[in-house]
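Comments concern the structure below.
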Amino acid sequence: MDQTTTISRYDAVARALHWCSAALVVVVFAIGLAIDVPPKPWYPLWLNTHVLIGLTIFALALARLVWRAGHPAPPPVQGTSPRMASVVRLGHAALYAAMVVVPLIGLAPLFTRGRGIDFGLFAIPSPMAADRPLAHTMTEIHMYAAYALIALVAGHVIAALWHHFVRHDEVLLRMTPPRNP
Ligand code: HEM
Ligand code: HEM
């Protein structure tokens with residue numbers, strides 16, 4: 001039988017949530033870095049897009065944690081030492097924490113700019129007036145938190161690719177849909 005049909009995978013919901021949040025993390029980080037690139041009149045829309053995608057990542061992370069509570073991850077692949085299994089668990093926990101914390105920290109640079117969130121059907125105004133120096137500091141904190149998230153993601157992606165192309169084990173395939181032989 002084809003090896004890809006016999007491995008124990010993450011279930012379809014966990015896989016869908018993983019790849020949606022992975023794509024959105026890349027997009028929101030790129031928009032963050034390019035926040036000043038579009039012409040000035042576009043800034044409010046561009047920033048609001050960044051905010052809405054960031055909040056979607058937050059919601060997806062919570063959904064993943066709820067789903068994960070009822071649907072455990074497959075057991076570690078064969079040959080994983082207990083110490084390595086703990087490192088992996090810690091790394092994944094750090095990724096979840098970053099997907100929750102970075103968007104929450106994003107509220108600080110937003111509100112200290114005196115800007116709210118436009119959800120289309122309704123809007124949440126900023127609870128405070130603009131404070132430029134504070135906004136500058138809050139943006140830096142949010143930026144370093146975002147860099148920490150991306151550093152974790154980079155390590156995570158390198159580990160996944162190493163497993164697939166160097167170790168030739170099923171770690172990456174566990175996060176992909178089964179293929180028919
Ligand atoms: C995982 C989610 C997020 C990531 C990875 C992320 C990343 C970034 C990055 C890289 C920047 C550019 C910082 C700089 O170079 O100055 C930025 C700016 C910013 N982000 Fe986020 N962000 C996320 C979510 C959010 C959320 C949910 C909000 C609001 C609730 C938010 C609000 C802001 C604001 C206000 C700025 C400053 C824009 C400016 O400098 O004009 N971010 N973000
Ligand atoms: C870009 C943002 C990404 C984030 C935030 C992220 C986050 C996570 C988290 C939290 C888990 C643990 C799932 C659980 O056990 O509940 C996980 C698993 C996994 N991710 Fe990602 N991921 C990202 C991107 C990627 C990419 C690009 C790849 C592939 C190159 C990848 C490959 C995997 C694999 C293979 C697993 C399963 C690991 C195992 O079986 O132990 N991830 N990811």
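In the structure tokens, chains take the letters A, B, ... in the order shown, each chain's residues start at 1, and ligands count up from 1 in the order shown.
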- Got a sec: who's within 7 Å of Ile57 in chain A, counting only C-alpha atoms, leaving out chain neighbours fewer than 2 positions off, as number ranges by chain? A: 21, 24, 53-55, 59-61, 99
Take the residues from that selection and write them out as a PDB file, in the first residue's frame, keeping C-alpha atoms.
```pdb
ATOM      1  CA  SER A  21      -3.344  30.534   9.336  1.00  0.00           C
ATOM      2  CA  LEU A  24      -2.455  34.649   6.546  1.00  0.00           C
ATOM      3  CA  ILE A  53      -6.276  39.783   8.717  1.00  0.00           C
ATOM      4  CA  GLY A  54      -4.365  39.918  12.022  1.00  0.00           C
ATOM      5  CA  LEU A  55      -7.594  39.509  14.000  1.00  0.00           C
ATOM      6  CA  ALA A  59      -9.634  33.873  15.806  1.00  0.00           C
ATOM      7  CA  LEU A  60      -8.161  30.952  13.822  1.00  0.00           C
ATOM      8  CA  ALA A  61      -5.587  30.322  16.580  1.00  0.00           C
ATOM      9  CA  MET A  99      -0.526  33.770  17.024  1.00  0.00           C
TER      10      MET A  99
END
```
As a short mmCIF file (atom, residue, chain, number, x, y, z; two decimals) with C-alpha atoms, in the first residue's frame, please: every protein or nucleic acid residue near ligand 2 (cut-off 6 Å, counting only C-alpha atoms and all ligand atoms).
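What landed in pocket.cif:
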```cif
data_model
loop_
_atom_site.label_atom_id
_atom_site.label_comp_id
_atom_site.auth_asym_id
_atom_site.auth_seq_id
_atom_site.Cartn_x
_atom_site.Cartn_y
_atom_site.Cartn_z
CA ALA A 22 0.09 29.89 7.78
CA VAL A 25 0.63 35.01 8.79
CA VAL A 26 2.81 35.51 5.69
CA ARG A 68 -7.01 20.52 19.27
CA ALA A 73 -2.27 15.51 17.31
CA HIS A 92 4.23 24.36 18.72
CA LEU A 95 3.70 29.26 17.79
CA TYR A 96 0.16 29.13 19.20
CA VAL A 153 7.89 30.22 11.84
CA VAL A 157 9.51 25.62 8.28
CA ALA A 160 9.52 20.58 8.41
CA LEU A 161 11.62 20.74 5.22
CA VAL A 171 6.38 14.68 9.40
CA LEU A 172 5.44 17.03 6.52
CA ARG A 174 1.11 14.41 8.33
CA MET A 175 0.03 17.98 7.59
#
```
Within 8 Å of Pro109 in chain A, counting only C-alpha atoms, which residues show up once you throw out same-chain ones fewer than 4 positions away? Write them as a list of chain:residue names, please. A:Ile105, A:Arg113, A:Leu134, A:Ala135, A:His136, A:Thr137, A:Met138, A:Thr139, A:His142
*So which residues are near ligand 1, meaning at most 9 Å away with only C-alpha atoms and all ligand atoms counted, given back as a PyMOL selection string?*
chain A and resi 24-36+43+47-48+50-58+98-113+115-117+135-136+138-147+149-150
Based on the backbone DSSP call, show me all residues of range 34-162 of chain A assigned strand (DSSP E), as a ChimeraX atom specification.
/A:117-118,123-124
* DSSP-assigned helix (DSSP H, G or I) members of range 13-154 of chain A, reported as a PyMOL selection string -> chain A and resi 13-33+40-70+82-112+132-154
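Candidate residues A:Thr6, A:Thr49, A:Thr80, A:Ser86 were compared for distance to His163 in chain A, and the nearest is A:Thr80, using only C-alpha atoms.
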